[in-house]
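Structure first, commentary second.
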Amino acid sequence: MVKRIAINVLIFLFGFPSAVLLLSNISYKNVPIWPYLNFNMELPGGQAHQMFLDLHSKKFTEADLLVIGSSHAYRGYDPRIFDSAGVKLFNMGTSGQSIKDTYFLLREKSANKNKIIIDIYPGTVTTITDESALNLIQNIDSLGAAINICAENKTLNSFNNLLSRMFCFRKIKIQLDTNYIYSGYVTTNTFYDRNKATLKSKNGFFLTFSIKEQLDKICNYAAVNDMCLVFVCHPLPYLKSNSNYYKSFGTTMNKYFETKNVPFFNYLDKLILDDTYFQDENHLNQKGVTYFNKLLCIDLKKINFIK
Amino acid sequence: MLFNSFEFLFVFFPIITIVYYLLPHTIRWLWLLIASCIFYMFFIPEYILILFTAIVIDYFAGIYIENTESVKKKKLFLTVSILSTCMILLVFKYYNFFIDNINALLHLQKGSGAFSALSLILPIGLSFHTFQSLSYVIEVYRGKQKSERHFGIYSLYVMFYPQLVAGPIERPQNVLYQFHKKIKFSYENLFMGLRLILWGLFKKVVIADSLSPVADKIFMNYGYYSSSYTLYIGALFFTIQIYCDFSGYSDIALGTSRVLGINLMENFKFPYISTSIKEFWSRWHISLSTWFRDYIYIPMGGSRISESRTIVNQVSVFMISGLWHGANLTFIFWGFLHSCYLVAEIFISKLTTLFKLPNLLKKVIIFHLVLLAWIFFRADTITIGSNYIYEMFRYPLNFSLGSLTNEISFGKVFIKILLLLFFLMIDRRISLYIREPDNLFSARAGILLNILLILLLLIGQWTHVSFIYFQF
């Protein structure tokens with residue numbers, strides 16, 4: 001029996017890497033077959049890929065303001081508008097970025113920039129998913145950073161994404177985001193239609209212990225490294241039944257940031273815009289971004305965050 | 001705690017098993033009971049009190065039924081036990097459903113005389129453990145099972161963690177004696193159990209969970225895809241998903257229990273190869289269908305009464321079975337549809353003695369009848385289910401995937417179809433093969449299990465999606 005078990009272990013030790021090599025290198029139309037078989041496998045490409053390329057350009061080195069957050073960030077802060085206000089902005093938002101990954105990027109990729117905007121919304125401070133970690137593992141500019149994300153995330157999905165990045169020896173097709181502008185920003189000109197995607201009511205906002213722990217880490221890291229942090233929540237399409245939820249979010253987060261002595265600009269219930277300012281139920285479109293960014297610049301100037 | 005979570009697979013299950021075998025036989029029941037309580041309390045801790053209430057009621061009912069000589073008193077204790085156990089089910093699972101329907105029927109509005117609903121969360125697996133508890137008192141009443149005097153062992157019978165939240169719904173004769181028996185560690189139990197767990201996980205994590213995102217998308221937005229082909233794929237994927245999800249759970253339950261040296265009943269026998277609806281129900285969720293047969297259908301007269309009464313009984317039992325699944329008209333309709341199939345089958349079988357259909361064709365027909373019924377099971381309302389079927393037959397010649405490809409690439413859907421067909425080909429062979437103790441250490445089994453394990457690790461959807469039947 002022991003011999004049989006040993007043989008099985010050997011079969012596994014040979015079979016597993018072989019399967020990884022096959023799944024990473026057999027491709028259909030220059031795309032590996034692994035993502036076809038597993039929905040949790042990401043492909044390098046898209047906004048994150050372009051943003052990490054820009055990270056090595058003058059756009060990043062010259063930037064004096066960094067935005068970190070989810071797609072709300074990379075679709076919500078236009079460097080061109082900040083340019084016209086005399087501020088060089090770099091947008092480090094990535095798709096579905098969790099607060100845990102925000103802390104990672106702040107720590108590893110902020111290059112000691114001392115003015116940081118962290119975009120949050122009720123979604124980011126209620127759940128931590130590994131969607132953004134998988135996207136980062138595939139797209140982040142160094143393998144070492146990808147390994148670190150995987151080590152911090154400790155999920156099989158992260159591990160598989162790391163393996164596919166490490167053992168894919170074929171040239172694969174990188175899909176780029178055609179709406180990418182520069183410095184991480186992606187623009188959209190479409191309008192939100194409630195009939196196609198209905199807004200869902202939410203209730204019972206609650207800041208969990210694990211999220212609070214990550215927020216603490218972010219605030220403490222900034223304090224130790226002399227970084228000026230501002231948390232911002234941009235407006236979302238209005239739904240009457242969500243007003244209590246948003247109020248509860250605002251009150252909880254205000255209370256939290258007061259204890260940390262960090263400014264928090266919450267436009268969720270302060271700025272009510274109609275649907276023509278949004279591209280979908282979560283994101284501003286270019287019209288919305290222009291309006292919101294101009295307003296934000298004024299507010300940031302008021303607290304001397306920017307000049 | 002889910003069977004497909006790391007905390008179960010790598011922490012809870014190994015610790016429970018190792019300590020179980022290290023402890024002396026006399027206190028193992030206590031260890032398993034503690035483990036089962038912890039397992040249950042991972043969901044909503046305070047709901048363990050509900051479970052405890054049902055256990056206490058049926059434990060004493062069993063003793064009283066056995067101790068009393070008078071048939072009248074026996075009946076009284078049985079009735080009290082059944083009513084109080086069903087009352088728990090009624091309050092937590094069906095109260096709001098009945099209230100909502102009464103309000104709708106009487107056109108009562110909130111705040112103007114409408115009956116108010118309760119804000120209760122359904123305790124996980126409530127329908128499963130209440131039915132298991134009921135089977136005990138009924139068997140004691142029938143004299144087929146002696147009442148269990150050991151309160152701890154009886155509690156374990158209801159709460160045994162591998163089958164606590166989604167069955168199989170066991171009979172006391174099959175399980176109770178095993179908790180008393182001295183069980184020695186055996187490699188056969190260990191490896192047979194692990195094989196079952198691996199196969200169950202494969203069905204859940206590799207097949208069911210990779211089909212579910214596509215099925216969910218199609219069912220949620222069925223109105224947008226003007227393509228019969230897309231809607232058929234949605235229904236097909238759900239049909240395979242629910243089978244893999246539930247039979248996968250059952251295999252993991254059987255496997256974890258087998259590792260502990262306890263054998264549970266088989267719950268599935270490849271239902272999709274059935275050549276009749278009757279056969280389908282002898283292969284699908286066996287522990288529930290035999291429960292309804294033994295405790296409801298046969299006491300109603302079974303098939304020993306007139307044909308018309310038999311039909312009425314069958315329709316009623318199937319509708320109750322539908323209601324057991326969930327407090328929604330869709331489930332009742334699903335049960336009703338199956339009863340219609342069954343009745344139709346009885347009449348057709350009389351007519352078609354002259355021309356026999358080939359078995360393969362029968363299998364295809366039965367599979368698609370079951371698929372149509374699953375649409376109602378999956379839909380939120382009967383209207384949505386009917387619309388789905390209407391849309392599915394509306395564009396019979398449109399073979400494109402329609403706007404689905406805007407959300408999921410054609411390649412991904414195509415690969416899932418291949419995966420599904422591959423699974424249907426291997427399911428029976430592998431299920432039978434891994435249950436065969438003769439090949440426990442064969443080279444072929446080793447290679448097969450390695451392939452399953454590697455696929456599980458590399459293409460499994462480790463997003464901890466809950467099991468569909470947990471909601472019941």
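Identifiers for the structure tokens are assigned positionally: chains receive A, B, ... in sequence, residues are indexed from 1 per chain, and ligands are indexed from 1 in the order shown.
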
Taking only C-alpha atoms into account, report as a PyMOL selection string which residues of chain B lie within 7 Å of chain A. chain B and resi 411-412+415+441+446+450+454+458-462

Extract, using only C-alpha atoms, all DNA, RNA and protein residues at most 10 Å from region 290-294 of chain B, discarding same-chain residues fewer than 3 positions from it, and format them as a PyMOL selection string. chain B and resi 131-132+134-135+169-171+281-282+285-287+297-300+302+314+317-318+320-321

Region 65-79 of chain B surroundings by only C-alpha atoms, 12 Å radius, close-in-sequence under 6 positions cut, as a PDB file with all heavy atoms, in the first residue's frame:
```pdb
ATOM      1  N   ILE B  57     -38.497  16.895  21.354  1.00  0.00           N
ATOM      2  CA  ILE B  57     -39.879  16.441  21.136  1.00  0.00           C
ATOM      3  C   ILE B  57     -39.888  14.992  20.625  1.00  0.00           C
ATOM      4  O   ILE B  57     -40.557  14.116  21.182  1.00  0.00           O
ATOM      5  CB  ILE B  57     -40.615  17.371  20.143  1.00  0.00           C
ATOM      6  CG1 ILE B  57     -40.815  18.760  20.755  1.00  0.00           C
ATOM      7  CG2 ILE B  57     -41.958  16.774  19.724  1.00  0.00           C
ATOM      8  CD1 ILE B  57     -41.263  19.823  19.765  1.00  0.00           C
ATOM      9  N   ASP B  58     -39.111  14.738  19.570  1.00  0.00           N
ATOM     10  CA  ASP B  58     -39.184  13.415  18.946  1.00  0.00           C
ATOM     11  C   ASP B  58     -38.485  12.333  19.773  1.00  0.00           C
ATOM     12  O   ASP B  58     -38.872  11.161  19.717  1.00  0.00           O
ATOM     13  CB  ASP B  58     -38.623  13.481  17.518  1.00  0.00           C
ATOM     14  CG  ASP B  58     -39.526  14.314  16.628  1.00  0.00           C
ATOM     15  OD1 ASP B  58     -40.739  14.369  16.918  1.00  0.00           O
ATOM     16  OD2 ASP B  58     -39.031  14.931  15.670  1.00  0.00           O
ATOM     17  N   TYR B  59     -37.505  12.738  20.557  1.00  0.00           N
ATOM     18  CA  TYR B  59     -36.831  11.770  21.442  1.00  0.00           C
ATOM     19  C   TYR B  59     -37.842  11.233  22.462  1.00  0.00           C
ATOM     20  O   TYR B  59     -38.004  10.017  22.613  1.00  0.00           O
ATOM     21  CB  TYR B  59     -35.654  12.456  22.145  1.00  0.00           C
ATOM     22  CG  TYR B  59     -35.043  11.632  23.256  1.00  0.00           C
ATOM     23  CD1 TYR B  59     -34.243  10.525  22.962  1.00  0.00           C
ATOM     24  CD2 TYR B  59     -35.261  11.961  24.596  1.00  0.00           C
ATOM     25  CE1 TYR B  59     -33.682   9.765  23.982  1.00  0.00           C
ATOM     26  CE2 TYR B  59     -34.703  11.212  25.612  1.00  0.00           C
ATOM     27  CZ  TYR B  59     -33.911  10.113  25.312  1.00  0.00           C
ATOM     28  OH  TYR B  59     -33.362   9.365  26.322  1.00  0.00           O
ATOM     29  N   THR B  85     -43.393  18.894  15.142  1.00  0.00           N
ATOM     30  CA  THR B  85     -42.237  18.986  14.229  1.00  0.00           C
ATOM     31  C   THR B  85     -42.633  19.767  12.970  1.00  0.00           C
ATOM     32  O   THR B  85     -41.880  20.619  12.494  1.00  0.00           O
ATOM     33  CB  THR B  85     -41.731  17.574  13.857  1.00  0.00           C
ATOM     34  OG1 THR B  85     -41.550  16.837  15.053  1.00  0.00           O
ATOM     35  CG2 THR B  85     -40.427  17.625  13.097  1.00  0.00           C
ATOM     36  N   CYS B  86     -43.841  19.454  12.472  1.00  0.00           N
ATOM     37  CA  CYS B  86     -44.302  20.157  11.262  1.00  0.00           C
ATOM     38  C   CYS B  86     -44.559  21.639  11.552  1.00  0.00           C
ATOM     39  O   CYS B  86     -44.421  22.473  10.661  1.00  0.00           O
ATOM     40  CB  CYS B  86     -45.570  19.522  10.711  1.00  0.00           C
ATOM     41  SG  CYS B  86     -45.238  17.926   9.981  1.00  0.00           S
ATOM     42  N   MET B  87     -44.934  21.929  12.799  1.00  0.00           N
ATOM     43  CA  MET B  87     -45.209  23.326  13.158  1.00  0.00           C
ATOM     44  C   MET B  87     -43.928  24.166  12.995  1.00  0.00           C
ATOM     45  O   MET B  87     -43.988  25.301  12.501  1.00  0.00           O
ATOM     46  CB  MET B  87     -45.707  23.385  14.612  1.00  0.00           C
ATOM     47  CG  MET B  87     -46.288  24.722  15.017  1.00  0.00           C
ATOM     48  SD  MET B  87     -47.622  25.259  13.951  1.00  0.00           S
ATOM     49  CE  MET B  87     -48.961  24.324  14.633  1.00  0.00           C
ATOM     50  N   SER B 133     -36.122  13.327  11.446  1.00  0.00           N
ATOM     51  CA  SER B 133     -36.657  13.179  12.781  1.00  0.00           C
ATOM     52  C   SER B 133     -38.027  12.494  12.722  1.00  0.00           C
ATOM     53  O   SER B 133     -38.333  11.604  13.520  1.00  0.00           O
ATOM     54  CB  SER B 133     -36.783  14.589  13.366  1.00  0.00           C
ATOM     55  OG  SER B 133     -36.800  14.559  14.735  1.00  0.00           O
ATOM     56  N   LEU B 134     -38.840  12.891  11.732  1.00  0.00           N
ATOM     57  CA  LEU B 134     -40.175  12.293  11.584  1.00  0.00           C
ATOM     58  C   LEU B 134     -40.079  10.811  11.241  1.00  0.00           C
ATOM     59  O   LEU B 134     -40.869  10.003  11.744  1.00  0.00           O
ATOM     60  CB  LEU B 134     -40.957  13.025  10.481  1.00  0.00           C
ATOM     61  CG  LEU B 134     -41.522  14.401  10.857  1.00  0.00           C
ATOM     62  CD1 LEU B 134     -42.213  15.033   9.657  1.00  0.00           C
ATOM     63  CD2 LEU B 134     -42.521  14.282  12.000  1.00  0.00           C
ATOM     64  N   SER B 135     -39.126  10.464  10.393  1.00  0.00           N
ATOM     65  CA  SER B 135     -39.015   9.051  10.003  1.00  0.00           C
ATOM     66  C   SER B 135     -38.730   8.187  11.238  1.00  0.00           C
ATOM     67  O   SER B 135     -39.201   7.059  11.329  1.00  0.00           O
ATOM     68  CB  SER B 135     -37.963   8.851   8.914  1.00  0.00           C
ATOM     69  OG  SER B 135     -36.690   8.935   9.446  1.00  0.00           O
ATOM     70  N   TYR B 136     -38.023   8.757  12.210  1.00  0.00           N
ATOM     71  CA  TYR B 136     -37.721   8.005  13.433  1.00  0.00           C
ATOM     72  C   TYR B 136     -38.993   7.704  14.213  1.00  0.00           C
ATOM     73  O   TYR B 136     -39.283   6.542  14.536  1.00  0.00           O
ATOM     74  CB  TYR B 136     -36.726   8.793  14.291  1.00  0.00           C
ATOM     75  CG  TYR B 136     -36.614   8.297  15.712  1.00  0.00           C
ATOM     76  CD1 TYR B 136     -35.885   7.149  16.013  1.00  0.00           C
ATOM     77  CD2 TYR B 136     -37.257   8.963  16.756  1.00  0.00           C
ATOM     78  CE1 TYR B 136     -35.798   6.685  17.323  1.00  0.00           C
ATOM     79  CE2 TYR B 136     -37.170   8.507  18.059  1.00  0.00           C
ATOM     80  CZ  TYR B 136     -36.444   7.367  18.340  1.00  0.00           C
ATOM     81  OH  TYR B 136     -36.366   6.900  19.626  1.00  0.00           O
ATOM     82  N   VAL B 137     -39.811   8.742  14.490  1.00  0.00           N
ATOM     83  CA  VAL B 137     -41.026   8.488  15.301  1.00  0.00           C
ATOM     84  C   VAL B 137     -42.005   7.572  14.565  1.00  0.00           C
ATOM     85  O   VAL B 137     -42.631   6.705  15.182  1.00  0.00           O
ATOM     86  CB  VAL B 137     -41.753   9.787  15.748  1.00  0.00           C
ATOM     87  CG1 VAL B 137     -41.170  10.334  16.999  1.00  0.00           C
ATOM     88  CG2 VAL B 137     -41.827  10.825  14.681  1.00  0.00           C
ATOM     89  N   ILE B 138     -42.077   7.720  13.256  1.00  0.00           N
ATOM     90  CA  ILE B 138     -43.011   6.863  12.494  1.00  0.00           C
ATOM     91  C   ILE B 138     -42.543   5.389  12.551  1.00  0.00           C
ATOM     92  O   ILE B 138     -43.343   4.488  12.756  1.00  0.00           O
ATOM     93  CB  ILE B 138     -43.157   7.350  11.031  1.00  0.00           C
ATOM     94  CG1 ILE B 138     -43.767   8.761  11.013  1.00  0.00           C
ATOM     95  CG2 ILE B 138     -44.036   6.401  10.223  1.00  0.00           C
ATOM     96  CD1 ILE B 138     -43.752   9.462   9.664  1.00  0.00           C
ATOM     97  N   GLU B 139     -41.242   5.198  12.417  1.00  0.00           N
ATOM     98  CA  GLU B 139     -40.715   3.820  12.461  1.00  0.00           C
ATOM     99  C   GLU B 139     -40.899   3.211  13.842  1.00  0.00           C
ATOM    100  O   GLU B 139     -41.184   2.029  13.972  1.00  0.00           O
ATOM    101  CB  GLU B 139     -39.232   3.804  12.058  1.00  0.00           C
ATOM    102  CG  GLU B 139     -38.958   4.144  10.601  1.00  0.00           C
ATOM    103  CD  GLU B 139     -39.571   3.165   9.601  1.00  0.00           C
ATOM    104  OE1 GLU B 139     -39.628   1.963   9.896  1.00  0.00           O
ATOM    105  OE2 GLU B 139     -40.013   3.625   8.533  1.00  0.00           O
ATOM    106  N   VAL B 140     -40.736   4.026  14.890  1.00  0.00           N
ATOM    107  CA  VAL B 140     -40.949   3.523  16.252  1.00  0.00           C
ATOM    108  C   VAL B 140     -42.436   3.166  16.412  1.00  0.00           C
ATOM    109  O   VAL B 140     -42.783   2.108  16.938  1.00  0.00           O
ATOM    110  CB  VAL B 140     -40.516   4.563  17.320  1.00  0.00           C
ATOM    111  CG1 VAL B 140     -40.920   4.113  18.729  1.00  0.00           C
ATOM    112  CG2 VAL B 140     -39.017   4.778  17.266  1.00  0.00           C
ATOM    113  N   TYR B 141     -43.305   4.009  15.908  1.00  0.00           N
ATOM    114  CA  TYR B 141     -44.748   3.763  15.989  1.00  0.00           C
ATOM    115  C   TYR B 141     -45.109   2.466  15.254  1.00  0.00           C
ATOM    116  O   TYR B 141     -45.923   1.674  15.719  1.00  0.00           O
ATOM    117  CB  TYR B 141     -45.497   4.960  15.373  1.00  0.00           C
ATOM    118  CG  TYR B 141     -46.970   4.742  15.245  1.00  0.00           C
ATOM    119  CD1 TYR B 141     -47.813   4.868  16.357  1.00  0.00           C
ATOM    120  CD2 TYR B 141     -47.538   4.404  14.010  1.00  0.00           C
ATOM    121  CE1 TYR B 141     -49.183   4.651  16.232  1.00  0.00           C
ATOM    122  CE2 TYR B 141     -48.890   4.185  13.883  1.00  0.00           C
ATOM    123  CZ  TYR B 141     -49.714   4.315  14.990  1.00  0.00           C
ATOM    124  OH  TYR B 141     -51.066   4.084  14.875  1.00  0.00           O
ATOM    125  N   ARG B 142     -44.480   2.264  14.115  1.00  0.00           N
ATOM    126  CA  ARG B 142     -44.780   1.057  13.333  1.00  0.00           C
ATOM    127  C   ARG B 142     -44.132  -0.192  13.917  1.00  0.00           C
ATOM    128  O   ARG B 142     -44.327  -1.292  13.417  1.00  0.00           O
ATOM    129  CB  ARG B 142     -44.290   1.242  11.888  1.00  0.00           C
ATOM    130  CG  ARG B 142     -45.140   2.203  11.100  1.00  0.00           C
ATOM    131  CD  ARG B 142     -44.555   2.379   9.704  1.00  0.00           C
ATOM    132  NE  ARG B 142     -45.401   3.244   8.901  1.00  0.00           N
ATOM    133  CZ  ARG B 142     -45.098   3.618   7.672  1.00  0.00           C
ATOM    134  NH1 ARG B 142     -43.969   3.206   7.114  1.00  0.00           N
ATOM    135  NH2 ARG B 142     -45.901   4.399   6.989  1.00  0.00           N
ATOM    136  N   GLY B 143     -43.298  -0.001  14.934  1.00  0.00           N
ATOM    137  CA  GLY B 143     -42.649  -1.132  15.594  1.00  0.00           C
ATOM    138  C   GLY B 143     -41.460  -1.680  14.821  1.00  0.00           C
ATOM    139  O   GLY B 143     -40.948  -2.757  15.112  1.00  0.00           O
ATOM    140  N   LYS B 144     -40.996  -0.927  13.828  1.00  0.00           N
ATOM    141  CA  LYS B 144     -39.860  -1.400  13.035  1.00  0.00           C
ATOM    142  C   LYS B 144     -38.529  -0.941  13.617  1.00  0.00           C
ATOM    143  O   LYS B 144     -37.463  -1.325  13.154  1.00  0.00           O
ATOM    144  CB  LYS B 144     -39.979  -0.880  11.595  1.00  0.00           C
ATOM    145  CG  LYS B 144     -41.106  -1.521  10.821  1.00  0.00           C
ATOM    146  CD  LYS B 144     -41.105  -0.991   9.409  1.00  0.00           C
ATOM    147  CE  LYS B 144     -42.253  -1.554   8.613  1.00  0.00           C
ATOM    148  NZ  LYS B 144     -42.388  -0.902   7.312  1.00  0.00           N
ATOM    149  N   GLN B 145     -38.606  -0.061  14.606  1.00  0.00           N
ATOM    150  CA  GLN B 145     -37.389   0.473  15.222  1.00  0.00           C
ATOM    151  C   GLN B 145     -37.647   0.643  16.711  1.00  0.00           C
ATOM    152  O   GLN B 145     -38.698   1.148  17.111  1.00  0.00           O
ATOM    153  CB  GLN B 145     -37.041   1.830  14.583  1.00  0.00           C
ATOM    154  CG  GLN B 145     -35.966   2.628  15.282  1.00  0.00           C
ATOM    155  CD  GLN B 145     -34.588   1.978  15.144  1.00  0.00           C
ATOM    156  OE1 GLN B 145     -34.248   1.451  14.094  1.00  0.00           O
ATOM    157  NE2 GLN B 145     -33.806   1.988  16.220  1.00  0.00           N
ATOM    158  N   LYS B 146     -36.672   0.196  17.506  1.00  0.00           N
ATOM    159  CA  LYS B 146     -36.801   0.402  18.952  1.00  0.00           C
ATOM    160  C   LYS B 146     -36.453   1.851  19.253  1.00  0.00           C
ATOM    161  O   LYS B 146     -35.601   2.439  18.575  1.00  0.00           O
ATOM    162  CB  LYS B 146     -35.828  -0.513  19.692  1.00  0.00           C
ATOM    163  CG  LYS B 146     -36.313  -1.942  19.756  1.00  0.00           C
ATOM    164  CD  LYS B 146     -35.578  -2.691  20.832  1.00  0.00           C
ATOM    165  CE  LYS B 146     -36.356  -3.945  21.187  1.00  0.00           C
ATOM    166  NZ  LYS B 146     -35.830  -4.608  22.344  1.00  0.00           N
ATOM    167  N   SER B 147     -37.127   2.391  20.271  1.00  0.00           N
ATOM    168  CA  SER B 147     -36.819   3.796  20.579  1.00  0.00           C
ATOM    169  C   SER B 147     -35.394   3.895  21.115  1.00  0.00           C
ATOM    170  O   SER B 147     -34.914   2.990  21.792  1.00  0.00           O
ATOM    171  CB  SER B 147     -37.809   4.347  21.596  1.00  0.00           C
ATOM    172  OG  SER B 147     -37.595   3.724  22.833  1.00  0.00           O
ATOM    173  N   GLU B 148     -34.751   4.991  20.781  1.00  0.00           N
ATOM    174  CA  GLU B 148     -33.359   5.206  21.204  1.00  0.00           C
ATOM    175  C   GLU B 148     -33.368   5.848  22.591  1.00  0.00           C
ATOM    176  O   GLU B 148     -33.925   6.931  22.757  1.00  0.00           O
ATOM    177  CB  GLU B 148     -32.647   6.094  20.174  1.00  0.00           C
ATOM    178  CG  GLU B 148     -31.233   6.464  20.531  1.00  0.00           C
ATOM    179  CD  GLU B 148     -30.340   5.255  20.742  1.00  0.00           C
ATOM    180  OE1 GLU B 148     -30.178   4.461  19.807  1.00  0.00           O
ATOM    181  OE2 GLU B 148     -29.831   5.101  21.874  1.00  0.00           O
ATOM    182  N   ARG B 149     -32.765   5.177  23.563  1.00  0.00           N
ATOM    183  CA  ARG B 149     -32.793   5.689  24.937  1.00  0.00           C
ATOM    184  C   ARG B 149     -31.641   6.656  25.211  1.00  0.00           C
ATOM    185  O   ARG B 149     -31.679   7.422  26.159  1.00  0.00           O
ATOM    186  CB  ARG B 149     -32.737   4.539  25.949  1.00  0.00           C
ATOM    187  CG  ARG B 149     -33.859   3.517  25.770  1.00  0.00           C
ATOM    188  CD  ARG B 149     -35.156   4.104  26.238  1.00  0.00           C
ATOM    189  NE  ARG B 149     -36.311   3.401  25.683  1.00  0.00           N
ATOM    190  CZ  ARG B 149     -37.453   3.199  26.324  1.00  0.00           C
ATOM    191  NH1 ARG B 149     -37.600   3.634  27.557  1.00  0.00           N
ATOM    192  NH2 ARG B 149     -38.462   2.590  25.734  1.00  0.00           N
TER     193      ARG B 149
END
```

Could you list, as a PyMOL selection string, every residue within 12 Å of Tyr390 (chain B), counting only C-alpha atoms and ignoring same-chain residues fewer than 4 positions away? chain B and resi 222-223+226-228+231-232+372+375+383-386+394-396
